[in-house]
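Participant: Next up, coords_0.cif (mmCIF, C-alpha atoms).
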```
data_input
loop_
_atom_site.label_atom_id
_atom_site.label_comp_id
_atom_site.auth_asym_id
_atom_site.auth_seq_id
_atom_site.Cartn_x
_atom_site.Cartn_y
_atom_site.Cartn_z
CA MET A 111 30.80 2.47 -124.58
CA ASN A 112 27.50 2.57 -126.43
CA GLN A 113 24.86 4.85 -125.07
CA PRO A 114 21.60 3.31 -123.80
CA ALA A 115 18.99 2.85 -126.53
CA GLN A 116 15.99 5.10 -125.90
CA ALA A 117 13.54 2.21 -125.60
CA GLY A 118 15.88 0.51 -123.16
CA VAL A 119 16.21 3.66 -121.07
CA GLN A 120 12.44 4.08 -120.91
CA GLY A 121 12.07 0.48 -119.79
CA LEU A 122 14.86 0.81 -117.24
CA ASN A 123 13.32 3.89 -115.63
CA GLU A 124 9.89 2.26 -115.59
CA LEU A 125 11.33 -0.84 -113.90
CA TYR A 126 12.97 1.28 -111.21
CA HIS A 127 9.77 3.24 -110.72
CA MET A 128 8.01 -0.05 -110.00
CA VAL A 129 10.76 -1.18 -107.64
CA ALA A 130 10.77 2.10 -105.74
CA HIS A 131 7.00 2.23 -105.32
CA GLY A 132 6.55 -1.45 -104.53
CA GLN A 133 4.53 -1.97 -107.71
CA ASN A 134 4.57 -4.72 -110.30
CA ASN A 135 3.22 -5.29 -113.79
CA ALA A 136 4.16 -8.84 -114.72
CA LEU A 137 3.63 -8.46 -118.46
CA ALA A 138 5.54 -5.18 -118.70
CA VAL A 139 8.38 -6.51 -116.53
CA LYS A 140 8.87 -9.54 -118.76
CA ARG A 141 8.72 -7.37 -121.87
CA TYR A 142 11.33 -4.96 -120.52
CA GLU A 143 13.57 -7.87 -119.57
CA ARG A 144 13.33 -9.33 -123.09
CA GLU A 145 14.12 -5.93 -124.60
CA ALA A 146 17.15 -5.48 -122.33
CA ARG A 147 18.49 -8.94 -123.15
CA THR A 148 17.99 -8.32 -126.87
CA LEU A 149 19.77 -4.95 -126.70
CA LEU A 150 22.60 -6.55 -124.70
CA ALA A 151 23.04 -9.33 -127.27
CA ARG A 152 22.99 -6.87 -130.19
CA ASP A 153 25.28 -4.36 -128.48
CA GLY A 154 22.44 -1.86 -128.85
CA MET A 155 22.65 -0.53 -125.30
CA ALA A 156 25.45 0.17 -122.87
CA PRO A 157 25.98 -3.25 -121.22
CA ALA A 158 25.92 -1.85 -117.68
CA PHE A 159 22.46 -0.36 -118.25
CA ALA A 160 21.18 -3.52 -119.90
CA TRP A 161 22.33 -5.57 -116.90
CA LEU A 162 20.77 -2.97 -114.62
CA ALA A 163 17.41 -3.43 -116.36
CA ILE A 164 17.74 -7.21 -116.22
CA GLY A 165 18.59 -6.97 -112.52
CA ALA A 166 15.50 -4.88 -111.79
CA ALA A 167 13.23 -7.10 -113.89
CA THR A 168 14.41 -10.32 -112.29
CA PHE A 169 14.11 -8.74 -108.83
CA LEU A 170 10.47 -7.90 -109.55
CA GLN A 171 9.91 -11.50 -110.66
CA GLY A 172 11.37 -12.85 -107.43
CA LYS A 173 14.44 -14.34 -109.11
CA HIS A 174 16.86 -13.42 -106.37
CA SER A 175 20.11 -15.02 -107.52
CA GLU A 176 19.60 -13.88 -111.13
CA SER A 177 18.95 -10.33 -109.96
CA VAL A 178 22.04 -10.22 -107.76
CA GLU A 179 24.21 -11.56 -110.58
CA ALA A 180 22.84 -9.06 -113.12
CA LEU A 181 23.23 -6.07 -110.79
CA SER A 182 26.76 -7.17 -109.86
CA ASN A 183 27.59 -7.31 -113.57
CA ALA A 184 26.28 -3.76 -113.97
CA VAL A 185 28.44 -2.47 -111.10
CA LYS A 186 31.55 -4.22 -112.46
CA LEU A 187 31.03 -2.66 -115.88
CA ALA A 188 30.32 0.86 -114.57
CA PRO A 189 31.93 1.14 -111.12
CA GLN A 190 31.82 4.97 -111.16
CA ASP A 191 28.42 5.64 -112.70
CA GLU A 192 25.89 7.22 -110.35
CA PRO A 193 22.66 5.76 -111.82
CA VAL A 194 24.20 2.29 -111.95
CA LEU A 195 25.59 2.41 -108.43
CA GLY A 196 22.57 4.16 -106.93
CA ASN A 197 19.97 1.85 -108.39
CA ALA A 198 21.97 -1.33 -107.80
CA CYS A 199 22.55 -0.19 -104.24
CA SER A 200 18.84 0.31 -103.61
CA ILE A 201 17.87 -3.17 -104.85
CA PHE A 202 20.72 -4.87 -102.98
CA SER A 203 19.43 -3.12 -99.87
CA ILE A 204 15.80 -4.18 -100.40
CA ALA A 205 16.80 -7.75 -101.25
CA GLY A 206 18.79 -8.25 -98.07
CA GLU A 207 22.17 -8.33 -99.83
CA THR A 208 23.61 -5.97 -97.26
CA GLU A 209 27.33 -6.33 -98.00
CA LEU A 210 26.73 -5.60 -101.68
CA ALA A 211 24.54 -2.61 -100.79
CA VAL A 212 27.22 -1.22 -98.47
CA ASP A 213 29.92 -1.71 -101.10
CA ALA A 214 27.83 0.16 -103.70
CA ALA A 215 27.14 2.94 -101.19
CA HIS A 216 30.86 3.32 -100.48
CA ARG A 217 31.57 3.49 -104.21
CA LEU A 218 28.90 6.17 -104.60
CA LEU A 219 30.37 8.27 -101.82
CA GLY A 220 33.82 7.89 -103.37
CA ILE A 221 32.86 9.66 -106.60
CA VAL A 222 31.47 13.09 -107.37
CA VAL A 223 27.71 12.60 -107.26
CA THR A 224 24.60 14.71 -106.85
CA ARG A 225 23.11 15.51 -103.47
CA ASP A 226 20.42 12.90 -104.13
CA GLY A 227 23.14 10.36 -104.87
CA LYS A 228 24.88 11.12 -101.57
CA LEU A 229 21.62 10.90 -99.65
CA GLY A 230 20.78 7.61 -101.34
CA ALA A 231 24.13 6.15 -100.34
CA LEU A 232 23.70 7.31 -96.75
CA ARG A 233 20.18 5.86 -96.66
CA ALA A 234 21.61 2.52 -97.75
CA LEU A 235 24.19 2.65 -94.96
CA GLU A 236 21.46 3.59 -92.50
CA LYS A 237 19.30 0.67 -93.63
CA ALA A 238 22.36 -1.55 -93.16
CA LEU A 239 22.29 -0.27 -89.54
CA ARG A 240 25.75 1.28 -89.94
CA PHE A 241 25.04 4.50 -88.13
CA GLU A 242 28.73 5.04 -87.37
CA GLU A 243 29.43 5.25 -91.10
CA VAL A 244 26.40 7.41 -91.79
CA LEU A 245 27.69 10.08 -89.42
CA GLU A 246 31.31 9.75 -90.54
CA MET A 247 30.62 9.73 -94.27
CA GLY A 248 28.00 12.45 -93.96
CA GLU A 249 30.68 14.81 -92.66
CA LYS A 250 33.08 13.84 -95.44
CA VAL A 251 30.54 14.68 -98.15
CA ASN A 252 29.38 17.87 -96.40
CA LEU A 253 25.90 16.74 -95.43
CA GLN A 254 24.71 17.99 -92.06
CA PHE A 255 22.67 16.06 -89.52
CA SER A 256 20.44 17.54 -86.86
CA ASP A 257 21.41 17.27 -83.21
CA ALA A 258 18.34 15.08 -82.68
CA TYR A 259 19.51 12.63 -85.35
CA ARG A 260 23.01 12.48 -83.89
CA GLU A 261 21.64 11.85 -80.40
CA SER A 262 19.33 9.14 -81.69
CA ALA A 263 22.14 7.44 -83.63
CA ALA A 264 24.41 7.56 -80.58
CA SER A 265 21.69 6.01 -78.41
CA LEU A 266 21.06 3.20 -80.90
CA LEU A 267 24.78 2.49 -81.25
CA SER A 268 25.11 2.37 -77.49
CA ILE A 269 22.46 -0.37 -77.36
CA ALA A 270 24.06 -2.25 -80.26
CA ASN A 271 27.53 -2.09 -78.74
CA ALA A 272 26.26 -3.18 -75.32
CA HIS A 273 25.03 -6.40 -76.94
CA GLY A 274 28.08 -6.93 -79.14
CA ALA A 275 26.12 -6.17 -82.30
CA THR A 276 28.98 -5.30 -84.63
CA PRO A 277 28.30 -3.92 -88.13
CA ASP A 278 29.02 -7.40 -89.50
CA LEU A 279 26.47 -9.00 -87.17
CA ARG A 280 23.88 -6.38 -88.03
CA ALA A 281 24.31 -7.17 -91.73
CA LYS A 282 23.94 -10.88 -91.07
CA LEU A 283 20.72 -10.29 -89.14
CA ILE A 284 19.19 -8.40 -92.06
CA ASP A 285 20.28 -10.99 -94.60
CA ALA A 286 19.00 -13.86 -92.44
CA ALA A 287 15.58 -12.21 -92.05
CA ALA A 288 15.23 -11.65 -95.79
CA GLU A 289 16.38 -15.19 -96.55
CA ALA A 290 13.83 -16.61 -94.09
CA VAL A 291 11.09 -14.89 -96.07
CA ARG A 292 12.41 -15.94 -99.50
CA SER A 293 12.92 -19.55 -98.41
CA ARG A 294 9.20 -19.79 -97.67
CA GLY A 295 8.13 -18.67 -101.12
CA CYS A 296 7.50 -14.98 -100.48
CA ILE A 297 9.09 -12.12 -102.40
CA VAL A 298 10.36 -9.05 -100.56
CA ARG A 299 9.15 -6.11 -102.64
CA GLN A 300 10.31 -3.23 -100.45
CA SER A 301 11.70 -2.53 -97.00
CA THR A 302 11.82 0.32 -94.54
CA LEU A 303 13.54 1.08 -91.27
CA VAL A 304 11.34 2.56 -88.55
CA GLN A 305 12.42 3.83 -85.15
CA VAL A 306 10.03 3.42 -82.21
CA ASP A 307 11.47 5.07 -79.10
CA ASP A 308 14.95 3.53 -78.68
CA GLN A 309 14.29 0.47 -80.82
CA LEU A 310 14.42 -0.13 -84.55
CA ARG A 311 11.92 -2.11 -86.57
CA TYR A 312 13.04 -3.40 -89.96
CA GLU A 313 9.93 -3.87 -92.10
CA LEU A 314 9.85 -6.22 -95.08
CA PHE A 315 6.93 -5.70 -97.46
CA ILE A 316 5.52 -8.74 -99.24
CA ASP A 317 2.55 -9.08 -101.59
CA GLU A 318 0.63 -11.28 -99.17
CA THR A 319 -2.21 -11.12 -96.67
CA ALA A 320 -1.83 -9.97 -93.08
CA ARG A 321 -2.21 -13.60 -91.97
CA ARG A 322 0.63 -14.69 -94.23
CA CYS A 323 2.74 -11.82 -92.89
CA ALA A 324 2.14 -13.11 -89.37
CA GLU A 325 3.41 -16.52 -90.48
CA MET A 326 6.51 -14.88 -91.91
CA ASN A 327 7.09 -12.98 -88.67
CA PHE A 328 7.21 -16.28 -86.82
CA ALA A 329 9.51 -17.74 -89.47
CA ILE A 330 11.89 -14.78 -89.18
CA ALA A 331 12.02 -15.00 -85.39
CA GLN A 332 12.63 -18.74 -85.57
CA ALA A 333 15.44 -18.31 -88.11
CA LEU A 334 17.15 -15.56 -86.13
CA TYR A 335 17.12 -17.49 -82.86
CA GLU A 336 18.39 -20.60 -84.63
CA LYS A 337 21.29 -18.80 -86.29
CA PHE A 338 22.34 -16.33 -83.59
CA ASP A 339 22.95 -16.71 -79.88
CA ASP A 340 21.60 -13.20 -79.40
CA PRO A 341 19.70 -11.56 -82.32
CA VAL A 342 19.64 -8.32 -80.27
CA PRO A 343 15.89 -7.58 -80.28
CA GLU A 344 16.65 -4.69 -77.91
CA PHE A 345 18.31 -3.02 -80.90
CA VAL A 346 16.34 -4.18 -83.94
CA THR A 347 13.36 -6.41 -84.67
CA PHE A 348 12.03 -7.60 -88.02
CA SER A 349 8.50 -7.87 -89.32
CA CYS A 350 6.63 -8.45 -92.55
CA ARG A 351 3.86 -6.18 -93.71
CA PRO A 352 1.43 -6.41 -96.65
CA LEU A 353 2.72 -4.58 -99.70
CA SER A 354 -0.58 -2.69 -99.86
CA SER A 355 0.53 -0.72 -96.79
CA PHE A 356 3.81 0.46 -98.33
CA GLN A 357 4.20 4.16 -99.11
CA PHE A 358 7.10 5.42 -101.21
CA ASN A 359 9.09 8.21 -99.62
CA GLY A 360 12.27 8.96 -101.49
CA ASP A 361 13.91 9.68 -104.82
CA ILE A 362 14.73 7.70 -107.92
CA ILE A 363 18.00 8.15 -109.81
CA GLU A 364 16.84 8.13 -113.42
CA VAL A 365 18.93 7.44 -116.53
CA HIS A 366 18.93 10.25 -119.09
CA ARG A 367 21.78 9.21 -121.35
#
```
Starting from the coordinates I provided, produce the structure as structure tokens.
Facilitator:
Amino acid sequence: MNQPAQAGVQGLNELYHMVAHGQNNALAVKRYEREARTLLARDGMAPAFAWLAIGAATFLQGKHSESVEALSNAVKLAPQDEPVLGNACSIFSIAGETELAVDAAHRLLGIVVTRDGKLGALRALEKALRFEEVLEMGEKVNLQFSDAYRESAASLLSIANAHGATPDLRAKLIDAAAEAVRSRGCIVRQSTLVQVDDQLRYELFIDETARRCAEMNFAIAQALYEKFDDPVPEFVTFSCRPLSSFQFNGDIIEVHR
């Protein structure tokens, strides 16, 4: 396999920096996408990394289906590469493609990866609300959790189980909330999971005003109650917030090859 061209690598890392920090530079994003497509066509960059760059660029442009297809291509071409899996996993998670995010996280935890790679995979499982798997897989990869975290996870799972909120249902709730936002012309730029007492709040960050976010909150609630008999608000609720309020708190898996 060809190694990534240096210009392509620089663009790829810059794209993922923008994704991670909830930033966007429309001109630069389009330029990096053109470069990645050119390198892909000329066989001037490892195809998986070119598709990864295209996936990030199209995500930033709000082209959801194109982004998912490009990132899926990257994972198929490099199913055991940590930067590919880690970065694809993070965007799948933000975009509300929960099953794809969980699959990428499982792949990451199935290979020898760095501590940051393991933590990233576990964060993706946590954001998918799969706390059972977080605790189980954390033990398997020798990552320790505090007693407080274990108690909190057990309490949340107790609430979820009492309402029949299976892992599959939890994933569908997340995907439905993200789709409700996209279907109304807004682009989800980032997302976070916040715990308030014994309840979770899944926050979707969009580059809109607070008033528009309030409209999206109503749209999400309407969509959830239309699609599910019980969207388990006792366990998790969803809300939109202005992108200006997002603060990055994590790590980026950069490409150095």
Participant: Counting only C-alpha atoms, which of A:Ala167, A:Val306, A:Leu334, A:Val342 gets nearest to Glu124 in chain A?
Facilitator: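 Closest to Glu124 in chain A, using only C-alpha atoms: A:Ala167.
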Participant: Please enumerate the residues selected by the PyMOL selection byres ((chain A and resi 252-257) around 12) when evaluated against the supplied file, formatted as a list in words.
Facilitator: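 Applied to this file, the PyMOL selection byres ((chain A and resi 252-257) around 12) selects Leu219, Thr224, Arg225, Asp226, Gly227, Lys228, Leu229, Ala231, Leu232, Phe241, Val244, Leu245, Glu246, Met247, Gly248, Glu249, Lys250, Val251, Ala258, Tyr259, Arg260, Glu261, Ser262, Ala263 and Ala264 of chain A.
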Participant: Kindly resolve the PyMOL selection byres ((chain A and resi 206) around 10) on the present coordinates and return the residues as JSON, numbers by chain.
Facilitator: {"A": [174, 201, 202, 203, 204, 205, 207, 208, 209, 210, 211, 237, 238, 281, 282, 283, 284, 285, 286, 287, 288, 289, 298, 301, 314]}
Participant: Quick check, in Å to one decimal: how far apart do CA of Ala180 in chain A and CA of Asn135 in chain A lie?
Facilitator: 20.0 Å
Participant: Please report, as AutoDock Vina command-line options, the centre and edge lengths in Å to one decimal of an axis-aligned box covering all listed atoms of range 248-256 of chain A with 4 Å per side.
Facilitator:
```
--center_x 26.8 --center_y 15.2 --center_z -92.5 --size_x 20.6 --size_y 13.5 --size_z 19.3
```
Participant: Take CA of Val139 in chain A and CA of Lys173 in chain A and report the distance between them in Å, one decimal.
Facilitator: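 So the two atoms, CA of Val139 in chain A and CA of Lys173 in chain A, lie 12.4 Å apart.
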